[in-house]
Every structure is written in structure tokens, then in C-alpha cells.
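Take a look at the structure below.
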Amino acid sequence: MVIEMDIKDLIRESLKNYTAYEPGEQPTTDGWIKLNTNENPNPPIPEIMEDIKAAINDKLKRYPDPTAFEVRKMILSVLLRDKDTLTNRNTVFVGNGCDEILDIIFKVFVDPGDEVVFFYPSYGMYRVLASLYGAKINEIKLNDDFSLPDSAYNAQGKVLFINSPNNPNGKSFGNAAILKICSNFPGIVVVDETYAAFSDQTSLPLLKKVKNLIVASTFSKSFSLASLRFGYAVADASIIKEMNNVKLPYNTNYLAQVAALSCIKHRNKLYEQNKKIILERQRLTDELNTYNGIKVLPSDANFILIQFEDKTKTLKFLWDLKEKKKVLVRHFSKPGLYKFLRISIGTEEENNKFLEAFKDIAAEYL
Ligand SMILES: Cc1ncc(COP(=O)(O)O)c(C=O)c1O
């Protein structure tokens, strides 16, 4: 006999009004130009592929180093060496992508009912995690030009998330503004620097000035490692200690640790590839800005945001790019974002195909 029960009665209270994160489409068939999820268009370079392949050995039967000691050491002593930031190994935390780091920050600092502050529009996971943990949400709307409103500087709460450069518009907020937020905010400020490697800015030096800051980053974008899931955070040792306390024991796997070490070793080649992405960002921006009726917003990230005149035109472009040209870009069906399409920067070849496709569609609609 099966005993009837309604699972809905058993789930946590905070899940009753919860909406899960909606990832961008990941097609399962070939032939797409995929410019919708801000991945790096370049595969890991052959040297890194070789290191990963060589690591597929009998060590896979063992658990990985729970502290990822070697990678944390190399992050500080090599990757961040010239960033004018903290130097003690106990100030680095590594996780299963930047997303896990955000989750762990909630685990450490947010009780149900605690106020969590973030901006709109920005990365959707801040809201998802805040509702998952039953936080009180204080979502501050950015100005129409995506700059910070004055209210950013007198926000109250337990944790404040700021994404710089900000997804989806791509602009950095600058350290003067971030320092002012840290100085005024009574809780922890998290600067999510997932895209900072494509800019000339980082908040890492601020860690020497304020104690309530966590700078989070990832190997997903600038190091082409989105699939292996490897992120890191830098903060005062007292914060990192608490994060280590609550993390699952083996949160970064062995292959990801090997790949991360290899990325650090071959970083200069990866930086060269990223310079190309930055040049391509400029080329796309310039070419698209020659069209009447659209505007490309300035970006410090590996994506650009295009503003159209109205929602109908935006959706026509979205539809035709996908259905007629097999080009995937990102549209957010959310207040204030209906008139925008976000385009991740691809390889030169992918970008050329995108521009060709755009031109054909523009001939009909612009
Ligand atoms: C702002 C921002 N933070 C974090 C992430 C997640 O990064 P990861 O792949 O390291 O989990 C993303 C992914 O797109 C992002 O846009």
C-alpha cells in the first residue's frame, strides 16, 4: 500500500514563493552560434587540455584535496601577485564556480528575515539565493543609464551584492563608489567580479582598506573553464574561515583543481586571447552603432547590450536571429529590459556571422 502525502506540505516555507534561476538556452544540436551565456568562445588551449587529460588517472578514485591547497597558493602568489591585494593564503577561498561562492556567503551570513541588498538589473542569482534562504529582499533599481542611485550609499542590511562589471549592461562601477558603499554598509559587501578580467578594474586593492568586503571571481569566463566549475573569493581571513567551515568537504573536484592550476601556469596565453575578445567587443560595438535605431551600451565585459527602439523590434531580432540564422543571444523578459538584447562576444568568425545575420535582419526592421 502506498501512503498518500503531499510533498508541498513538507517543503521549506521559503520555497513556497520561490522561482528558480532560468539559465540561458544550452542547445543540444550542432550548428549554433552561441552568444547567449557569456561563455568564453575559445576552448581551453592545448596545453591545458593536455594537463587535464594527463590527470585522468588512478587518482580519480581518491577524494580531491578538500582545501585545494596548491591552487589557493598559486592564486595568491601568481594570479593576484600584482593586484595590490591581501597576501595571506588564509584569505582565499575556492568553490564550485562563483555561484557556489555566492551560496556559501548566504550560508554563513543570512538568517531567514535578514535583509539582503542587490541592484536591478543585475545577475539573477542574487534574488534566487535571497528567496531560497528566506531573506528580506531590498532590490535597489539602478538609474536608467545603469549607474548607481544615491540610495546605494545608505542601504542597510546583512549582505550587499554588487556585480562589477554588471551583468547585463557590462559597465564597471568603479572603486570610489564601491569603497563608499563598503564604508557606509553595516554588513558584508560582495563584489562579484566574474567579468572583471575583461576590464582594467578590480576591487581587490580595497581589501586592504576595508574588512567587510568579499571579492568573488571565477575561471568560467576569462579562463574558458565554465564546465569544470571553479571560482574563488578573496576576503579577510576571519571571513574565509567561516566560509571554509560551512562548505561541503570536496567542493572542488580533482580535474577542476588540475585545470585551474594549468590555467594559472598558462595565464599569459589566456590573457592574450582575452585581449582579442576586448578588441572584438570594440569592433562589434562600432559596427552595430552605425545602424540607426539601435544603441550599444559601453561595456567592460565579454558581452554587449543593444538597446532597440521598442520591445516588438527587439523580439523580432531575437526571433529571426534564432529561427532564421541559428544565432542565440539573450533577452530578459523583465521590467526595464524588454528593449534590450545581450550579445556575448564570440570568436572573430562567430562575430562576423552574427554581424552578417544582424545586417540581413536590420534590412527588414531598421
Ligand atoms: C555576474 C555573474 N556571477 C556569477 C556567475 C556564475 O559564474 P560561475 O560559472 O563561476 O558559477 C555568472 C554567470 O554567468 C555571472 O554572470
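Identifiers in this document derive from the order of the C-alpha cells: chains are assigned A, B, ..., residues are numbered from 1 separately in each chain, and ligands are numbered from 1 in order of occurrence.
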Would you write out, as a Markdown table, a table of all residues in chain A that have an atom no more than 7 Å from an atom of ligand 1, listing for each the closest atom pair and the distance in Å to one decimal, considering only C-alpha atoms and all ligand atoms and ordering rows by chain and rising residue number?
```
| residue | atom | partner | partner_atom_place_in_ligand_line | distance |
| --- | --- | --- | --- | --- |
| A:Thr37 | CA | ligand 1 | 14 (O) | 6.3 |
| A:Asn38 | CA | ligand 1 | 14 (O) | 6.3 |
| A:Asn96 | CA | ligand 1 | 11 (O) | 6.9 |
| A:Gly97 | CA | ligand 1 | 10 (O) | 3.5 |
| A:Cys98 | CA | ligand 1 | 10 (O) | 3.5 |
| A:Asp99 | CA | ligand 1 | 11 (O) | 3.9 |
| A:Glu100 | CA | ligand 1 | 11 (O) | 6.5 |
| A:Tyr123 | CA | ligand 1 | 1 (C) | 4.9 |
| A:Asn163 | CA | ligand 1 | 1 (C) | 5.7 |
| A:Asn166 | CA | ligand 1 | 1 (C) | 6.7 |
| A:Asn167 | CA | ligand 1 | 1 (C) | 5.5 |
| A:Asp192 | CA | ligand 1 | 3 (N) | 5.9 |
| A:Thr194 | CA | ligand 1 | 3 (N) | 5.2 |
| A:Ser217 | CA | ligand 1 | 10 (O) | 6.9 |
| A:Thr218 | CA | ligand 1 | 10 (O) | 4.5 |
| A:Phe219 | CA | ligand 1 | 10 (O) | 6.4 |
| A:Ser220 | CA | ligand 1 | 9 (O) | 4.9 |
| A:Ala226 | CA | ligand 1 | 9 (O) | 5.3 |
| A:Arg229 | CA | ligand 1 | 9 (O) | 6.0 |
| A:Phe230 | CA | ligand 1 | 10 (O) | 6.1 |
| A:Gly231 | CA | ligand 1 | 10 (O) | 5.1 |
```
Take the residues that were just selected and, keeping N, CA and C atoms, output them as a compact mmCIF listing (two decimals), in the first residue's frame.
```txt
# COMPACT_ATOMS: atom_id res chain seq x y z
N THR A 37 25.27 33.09 -23.28
CA THR A 37 25.53 32.87 -21.85
C THR A 37 26.92 33.34 -21.41
N ASN A 38 27.48 34.27 -22.15
CA ASN A 38 28.75 34.92 -21.76
C ASN A 38 29.89 33.95 -21.50
N ASN A 96 32.99 25.70 -6.19
CA ASN A 96 32.47 25.09 -7.40
C ASN A 96 31.80 26.16 -8.26
N GLY A 97 32.62 27.04 -8.83
CA GLY A 97 32.11 28.18 -9.58
C GLY A 97 31.80 29.34 -8.64
N CYS A 98 31.65 30.50 -9.22
CA CYS A 98 31.31 31.68 -8.42
C CYS A 98 29.93 31.49 -7.78
N ASP A 99 29.05 30.75 -8.47
CA ASP A 99 27.71 30.53 -7.91
C ASP A 99 27.77 29.86 -6.54
N GLU A 100 28.66 28.87 -6.39
CA GLU A 100 28.75 28.21 -5.08
C GLU A 100 29.26 29.20 -4.03
N TYR A 123 22.76 40.37 -11.93
CA TYR A 123 22.77 38.91 -12.05
C TYR A 123 21.62 38.30 -11.25
N ASN A 163 27.70 43.70 -8.67
CA ASN A 163 28.34 42.97 -9.76
C ASN A 163 29.06 43.98 -10.65
N ASN A 166 28.81 45.00 -14.42
CA ASN A 166 27.47 44.49 -14.12
C ASN A 166 26.85 43.76 -15.30
N ASN A 167 26.36 42.57 -15.03
CA ASN A 167 25.57 41.81 -15.98
C ASN A 167 24.12 42.28 -15.79
N ASP A 192 31.07 40.97 -7.02
CA ASP A 192 31.13 39.83 -7.93
C ASP A 192 31.87 40.29 -9.18
N THR A 194 33.03 38.50 -11.71
CA THR A 194 33.04 37.44 -12.73
C THR A 194 33.58 37.92 -14.09
N SER A 217 35.33 35.78 -7.77
CA SER A 217 35.67 35.70 -9.18
C SER A 217 35.57 34.25 -9.66
N THR A 218 35.89 34.03 -10.92
CA THR A 218 35.68 32.70 -11.48
C THR A 218 36.66 32.39 -12.60
N PHE A 219 36.85 31.10 -12.84
CA PHE A 219 37.64 30.66 -14.00
C PHE A 219 36.72 30.37 -15.19
N SER A 220 35.42 30.58 -15.02
CA SER A 220 34.46 30.20 -16.07
C SER A 220 34.60 31.04 -17.33
N ALA A 226 34.14 27.12 -17.91
CA ALA A 226 32.78 27.15 -17.34
C ALA A 226 32.29 25.76 -16.95
N ARG A 229 33.73 24.21 -13.47
CA ARG A 229 33.23 24.84 -12.25
C ARG A 229 34.35 25.14 -11.25
N PHE A 230 34.92 26.31 -11.38
CA PHE A 230 35.95 26.71 -10.43
C PHE A 230 35.90 28.22 -10.20
N GLY A 231 35.64 28.60 -8.97
CA GLY A 231 35.59 30.02 -8.64
C GLY A 231 36.41 30.28 -7.39
```
List the spatial neighbours of Glu350 in chain A as a list of chain:residue names - criterion: any atom at most 9 Å away, only C-alpha atoms, same-chain residues fewer than 3 positions off excluded. A:Ile33, A:Lys34, A:Leu35, A:Pro41, A:Ile345, A:Gly346, A:Thr347, A:Lys353, A:Phe354, A:Leu355
Using N, CA and C atoms, can you write the selected residues to a file as a PDB file, in the first residue's frame?
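This went into selection-v5.pdb:
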```
ATOM      1  N   ILE A  33      25.421  29.462 -33.406  1.00  0.00           N
ATOM      2  CA  ILE A  33      26.369  30.473 -32.944  1.00  0.00           C
ATOM      3  C   ILE A  33      25.839  30.907 -31.593  1.00  0.00           C
ATOM      4  N   LYS A  34      26.592  30.542 -30.559  1.00  0.00           N
ATOM      5  CA  LYS A  34      26.048  30.649 -29.213  1.00  0.00           C
ATOM      6  C   LYS A  34      26.598  31.877 -28.503  1.00  0.00           C
ATOM      7  N   LEU A  35      25.806  32.934 -28.513  1.00  0.00           N
ATOM      8  CA  LEU A  35      26.261  34.196 -27.911  1.00  0.00           C
ATOM      9  C   LEU A  35      25.286  34.592 -26.800  1.00  0.00           C
ATOM     10  N   PRO A  41      34.505  32.192 -25.933  1.00  0.00           N
ATOM     11  CA  PRO A  41      34.328  31.423 -27.178  1.00  0.00           C
ATOM     12  C   PRO A  41      35.503  30.505 -27.485  1.00  0.00           C
ATOM     13  N   ILE A 345      30.446  38.144 -26.604  1.00  0.00           N
ATOM     14  CA  ILE A 345      31.430  38.300 -27.672  1.00  0.00           C
ATOM     15  C   ILE A 345      31.944  36.911 -28.064  1.00  0.00           C
ATOM     16  N   GLY A 346      31.862  36.593 -29.348  1.00  0.00           N
ATOM     17  CA  GLY A 346      32.322  35.290 -29.832  1.00  0.00           C
ATOM     18  C   GLY A 346      33.718  35.372 -30.415  1.00  0.00           C
ATOM     19  N   THR A 347      34.102  34.327 -31.156  1.00  0.00           N
ATOM     20  CA  THR A 347      35.353  34.400 -31.922  1.00  0.00           C
ATOM     21  C   THR A 347      35.140  35.380 -33.071  1.00  0.00           C
ATOM     22  N   LYS A 353      29.717  36.220 -38.446  1.00  0.00           N
ATOM     23  CA  LYS A 353      28.441  35.587 -38.810  1.00  0.00           C
ATOM     24  C   LYS A 353      27.278  36.321 -38.140  1.00  0.00           C
ATOM     25  N   PHE A 354      27.506  36.700 -36.894  1.00  0.00           N
ATOM     26  CA  PHE A 354      26.458  37.457 -36.190  1.00  0.00           C
ATOM     27  C   PHE A 354      26.183  38.783 -36.905  1.00  0.00           C
ATOM     28  N   LEU A 355      27.252  39.491 -37.283  1.00  0.00           N
ATOM     29  CA  LEU A 355      27.067  40.798 -37.935  1.00  0.00           C
ATOM     30  C   LEU A 355      26.351  40.637 -39.278  1.00  0.00           C
TER      31      LEU A 355
END
```
For Phe223 in chain A, please output as a PDB file with N, CA and C atoms, in the first residue's frame all residues within 8 Å (counting only C-alpha atoms; exclusion window: fewer than 4 positions along the same chain).
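So selection-v9.pdb came out as:
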```pdb
ATOM      1  N   ASN A  40      33.351  31.972 -22.640  1.00  0.00           N
ATOM      2  CA  ASN A  40      34.487  32.342 -23.469  1.00  0.00           C
ATOM      3  C   ASN A  40      34.368  31.544 -24.761  1.00  0.00           C
ATOM      4  N   PRO A  44      39.668  25.667 -24.020  1.00  0.00           N
ATOM      5  CA  PRO A  44      40.935  25.686 -23.288  1.00  0.00           C
ATOM      6  C   PRO A  44      42.091  25.423 -24.265  1.00  0.00           C
ATOM      7  N   PHE A 219      36.848  31.097 -12.838  1.00  0.00           N
ATOM      8  CA  PHE A 219      37.642  30.664 -14.002  1.00  0.00           C
ATOM      9  C   PHE A 219      36.725  30.366 -15.191  1.00  0.00           C
ATOM     10  N   CYS A 263      45.612  26.627 -15.850  1.00  0.00           N
ATOM     11  CA  CYS A 263      45.235  27.981 -16.321  1.00  0.00           C
ATOM     12  C   CYS A 263      46.176  29.024 -15.736  1.00  0.00           C
ATOM     13  N   LEU A 270      46.313  32.971 -22.032  1.00  0.00           N
ATOM     14  CA  LEU A 270      44.874  33.230 -21.887  1.00  0.00           C
ATOM     15  C   LEU A 270      44.602  34.729 -21.898  1.00  0.00           C
TER      16      LEU A 270
END
```
Got a sec: who's within 7 Å of range 187-189 of chain A, counting only C-alpha atoms, leaving out chain neighbours fewer than 6 positions off, as an MDAnalysis selection string? chainID A and resid 157:161 212:214
Please produce a file of those selected residues containing N, CA and C atoms, as a PDB file, in the first residue's frame.
```
ATOM      1  N   GLY A 157      21.511  46.497   5.866  1.00  0.00           N
ATOM      2  CA  GLY A 157      21.272  45.070   5.680  1.00  0.00           C
ATOM      3  C   GLY A 157      22.460  44.241   6.113  1.00  0.00           C
ATOM      4  N   LYS A 158      22.333  42.944   5.882  1.00  0.00           N
ATOM      5  CA  LYS A 158      23.353  41.982   6.308  1.00  0.00           C
ATOM      6  C   LYS A 158      24.416  41.793   5.222  1.00  0.00           C
ATOM      7  N   VAL A 159      23.942  41.615   3.984  1.00  0.00           N
ATOM      8  CA  VAL A 159      24.868  41.412   2.863  1.00  0.00           C
ATOM      9  C   VAL A 159      24.396  42.252   1.680  1.00  0.00           C
ATOM     10  N   LEU A 160      25.339  42.856   0.976  1.00  0.00           N
ATOM     11  CA  LEU A 160      25.026  43.624  -0.240  1.00  0.00           C
ATOM     12  C   LEU A 160      25.861  43.045  -1.379  1.00  0.00           C
ATOM     13  N   PHE A 161      25.188  42.760  -2.502  1.00  0.00           N
ATOM     14  CA  PHE A 161      25.889  42.219  -3.674  1.00  0.00           C
ATOM     15  C   PHE A 161      25.981  43.293  -4.748  1.00  0.00           C
ATOM     16  N   ASN A 212      34.989  44.496   5.574  1.00  0.00           N
ATOM     17  CA  ASN A 212      33.686  43.863   5.306  1.00  0.00           C
ATOM     18  C   ASN A 212      33.469  43.532   3.829  1.00  0.00           C
ATOM     19  N   LEU A 213      34.571  43.337   3.094  1.00  0.00           N
ATOM     20  CA  LEU A 213      34.473  43.119   1.641  1.00  0.00           C
ATOM     21  C   LEU A 213      34.862  41.689   1.269  1.00  0.00           C
ATOM     22  N   ILE A 214      34.094  41.100   0.340  1.00  0.00           N
ATOM     23  CA  ILE A 214      34.478  39.827  -0.289  1.00  0.00           C
ATOM     24  C   ILE A 214      34.533  40.081  -1.793  1.00  0.00           C
TER      25      ILE A 214
END
```
Quick one: DSSP alpha helix (DSSP H) residues in range 11-260 of chain A, as number ranges by chain? A: 46-54, 69-74, 97-109, 125-132, 175-184, 237-246, 254-260
Phe317 in chain A environment, 12 Å, only C-alpha atoms, sequence neighbours closer than 5 positions dropped, as a short mmCIF file (atom, residue, chain, number, x, y, z; two decimals) with C-alpha atoms, in the first residue's frame:
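Saved result, part.cif, follows:
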```cif
data_model
loop_
_atom_site.label_atom_id
_atom_site.label_comp_id
_atom_site.auth_asym_id
_atom_site.auth_seq_id
_atom_site.Cartn_x
_atom_site.Cartn_y
_atom_site.Cartn_z
CA ILE A 294 19.76 50.95 -32.02
CA ILE A 306 21.99 46.52 -27.51
CA GLN A 307 19.09 48.89 -26.95
CA PHE A 308 16.31 48.86 -29.56
CA GLU A 309 13.55 51.40 -30.06
CA ASP A 310 10.80 49.17 -28.77
CA LYS A 311 10.01 45.70 -27.47
CA THR A 312 8.41 44.50 -30.73
CA LYS A 322 17.43 32.23 -33.62
CA GLU A 323 14.96 30.80 -36.11
CA LYS A 324 16.42 32.07 -39.39
CA LYS A 325 20.10 32.45 -38.60
CA LYS A 326 20.79 29.94 -35.78
CA VAL A 327 22.30 32.67 -33.62
CA LEU A 328 21.43 32.54 -29.92
CA VAL A 329 21.52 35.81 -27.96
CA ARG A 330 19.92 36.67 -24.60
CA HIS A 331 16.69 38.54 -23.98
CA LYS A 339 14.06 46.65 -25.32
CA PHE A 340 17.49 45.07 -24.94
CA LEU A 341 19.40 42.11 -26.33
CA ARG A 342 22.62 40.92 -24.68
CA ILE A 343 25.26 39.55 -27.04
CA PHE A 354 26.46 37.46 -36.19
CA ALA A 357 22.86 37.91 -39.75
CA PHE A 358 22.16 41.21 -38.00
CA LYS A 359 22.59 43.10 -41.27
CA ASP A 360 20.05 40.90 -43.06
CA ILE A 361 17.51 41.31 -40.28
CA ALA A 362 18.17 45.04 -39.98
CA ALA A 363 17.39 45.44 -43.70
CA GLU A 364 13.86 44.36 -42.85
CA TYR A 365 13.26 46.04 -39.48
CA LEU A 366 15.58 49.06 -39.01
#
```
Just want the 7 Å neighbourhood of Leu204 in chain A, counted on only C-alpha atoms, with same-chain residues fewer than 6 positions away dropped. Output as a PyMOL selection string. chain A and resi 83+85+215
Measuring between only C-alpha atoms, which one of A:Val108, A:Ala54, A:Leu10, A:Ala68 shows the shortest distance to Met243 in chain A?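 Using only C-alpha atoms, Met243 in chain A sits closest to A:Val108.
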As an exercise, work out the distance from CA of Gln273 in chain A to CA of Ala196 in chain A in Å and give it to one decimal place.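 Calculated distance between CA of Gln273 in chain A and CA of Ala196 in chain A is 14.9 Å.
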For Asp82 in chain A, find every residue with an atom within 12 Å (counting only C-alpha atoms), except residues of its own chain fewer than 6 positions away, and show them as a PyMOL selection string. chain A and resi 75-76+202+204-205
All strand (DSSP E or B) positions in range 182-250 of chain A, as a VMD selection string: chain A and resid 188 to 192 213 to 218 231 to 235
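Nearest-residue note for Leu337 in chain A: choosing from A:Asn90, A:Ser203, A:Thr314, A:Ser14, the minimum distance belongs to A:Thr314, counting only C-alpha atoms.
Distance-wise, CA of Asp286 in chain A and CA of Glu348 in chain A end up 14.4 Å apart.
Among the candidate residues A:Lys275, A:Lys211, A:Arg127, A:Lys265, the one lying nearest to Ala20 in chain A is A:Arg127, with distances computed using only C-alpha atoms.
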